[in-house]
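The structure appears right after this line, and notes come after that.
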Amino acid sequence: MRSTDVIDPAVPADRPDAPAWGLIAAMLASLFAVQTHRSFTVDPVRAVPVAALLTTIGIALAIGIHRRRPRLVAGAQAFLQMTLFTVLGVVLAYALAANAGPLWDVRLATMDREIGFRWNAALDLLDRFPPVIWLLGLAYHSLTLQMIVVIVVLSGMSRFDTLRTTVCAAIMSGFVTILISGFVPAMGNLFDPSHYRHLWPSVAWLERGLISGLRDGSMRTLDLTILIGIVSFPSFHATLAAIFIWAFRSIPRLALAGQGWALLTIVATPVFGGHYGVDVITGLALAPPAILTARYLTRDRTLSTQIMPRVPA
């Protein structure tokens, strides 16, 4: 006999899903609009893994709906939305980079100096402490794992309101950062790793050829198995980690560890993401309004309608 707390349909997903799906639709429309200027083709063989992943998540969602398992439905839907957002977001960022104007790196570096960031000195100091490098590097590259933990645990705990707010805020802020990147393109805060003994190459250093290829037109075939974020300003890594700090507060047993994990990710972002300080500051500033807006958009309006008194005619 199955446990009723697993299949009980009385645990509803109490926040609507329409806002997140609407944002995904808007991203798709934006991609089509940008594609009219610079078109990309997709390697069909390389697209198979992504298609298989989306199909698997879709099957899990269908099973959850059919068997009336709200936790499975909420988790599968969150994974489906975040996967679609990731694919569309990266491709949209590529398309915008291909159509972008002059790079902003000189201006962004100047802003960093004006507010007191001295990256050469910071990198020299960090290079003396390999354990710290490993800790921060692993934290930076674990953002996807953090997302998986947040989705699995929140859906498993039936915290559907927090889960949907988190997903909606992530998609919303990600969409905004991608659009801004089209107006503020940058290669990133680059440093040559060969000048250091222990520091790893940043993502910006590794993807500099990709950005150059997008801008000069030599890169027009997309490999969906290797989708790398290229947005420098604002830092979506910082935004998403800040959103996860908010989400982890709803998971009592993981709250402190999860928030510390996400905080380390933010600290690591300038070095291992190759971001300017202003990238991270702006990314962090995007998180609170994204969360507040997502909470407003995903609130349960049916409940407030039911408790409103009827006005006599």
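Residues in the structure tokens are numbered from 1 in each chain, the chains being A, B, ... in the order shown, and ligands are numbered from 1 in the order shown.
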Problem - Spatial neighbours of Thr86 of chain A, 12 Å, only C-alpha atoms, chain gap at least 3 places, as number ranges by chain - result: A: 24, 27-28, 50, 54, 79-83, 89-93, 144, 147, 167, 170-172, 174-175, 178, 224-229, 236
Please report, as JSON lines, each residue of segment 233-306 of chain A lying at most 7 Å from segment 107-118 of chain A, together with the nearest pair of atoms and the separation in Å rounded to one decimal; use only C-alpha atoms, and order rows by chain and ascending residue number.
{"residue": "A:Tyr276", "atom": "CA", "partner": "A:Asp112", "partner_atom": "CA", "distance": 6.8}
{"residue": "A:Gly277", "atom": "CA", "partner": "A:Asp112", "partner_atom": "CA", "distance": 5.9}
{"residue": "A:Val278", "atom": "CA", "partner": "A:Asp112", "partner_atom": "CA", "distance": 6.3}
Exercise for the section: Would you please work out which residue, of A:Ile133, A:Thr239, A:Thr165, A:Gly213, is nearest to Trp200 of chain A when using only C-alpha atoms? Expected result: A:Ile133
Problem - Distance criterion (only C-alpha atoms): nearest to Ala122 of chain A out of A:Pro288, A:Leu263, A:Ala29, A:Pro270 - result: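 Closest candidate: A:Pro270.
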Practice task
Extract, using only C-alpha atoms, all DNA, RNA and protein residues at most 10 Å from segment 240-254 of chain A, discarding same-chain residues fewer than 5 positions from it, and format them as a PyMOL selection string.
Solution key: chain A and resi 140+143+146-147+149-151+153-154+157+159+162-163+165-167+169-171+173-174+235+259-266+269+283-288+290-291
Problem - d(atom CA of Ala47 of chain A, atom CA of Ala204 of chain A) in Å - result: 24.3 Å
Exercise for the section: Give me every helix (DSSP H, G or I) residue in segment 17-260 of chain A, going by DSSP on the backbone, as a PyMOL selection string. Expected result: chain A and resi 18-35+48-66+70-99+105-114+119-126+130-140+143-156+160-183+193-195+203-206+208-216+236-248+252-260
Exercise for the section: Once DSSP has gone over the backbone, tell me which residues of segment 17-238 of chain A are in strand (DSSP E or B), as a list in words. Expected result: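 Taking segment 17-238 of chain A and keeping strand (DSSP E or B) gives Thr41, Val42, Thr221 and Leu222 of chain A.
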Those selected residues, please, written with C-alpha atoms and delivered as a PDB file, in the first residue's frame.
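New file selection.pdb:
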ATOM      1  CA  THR A  41      22.366  26.536 -37.404  1.00  0.00           C
ATOM      2  CA  VAL A  42      22.233  23.691 -34.896  1.00  0.00           C
ATOM      3  CA  THR A 221      26.986  26.381 -35.907  1.00  0.00           C
ATOM      4  CA  LEU A 222      25.768  25.620 -32.395  1.00  0.00           C
TER       5      LEU A 222
END
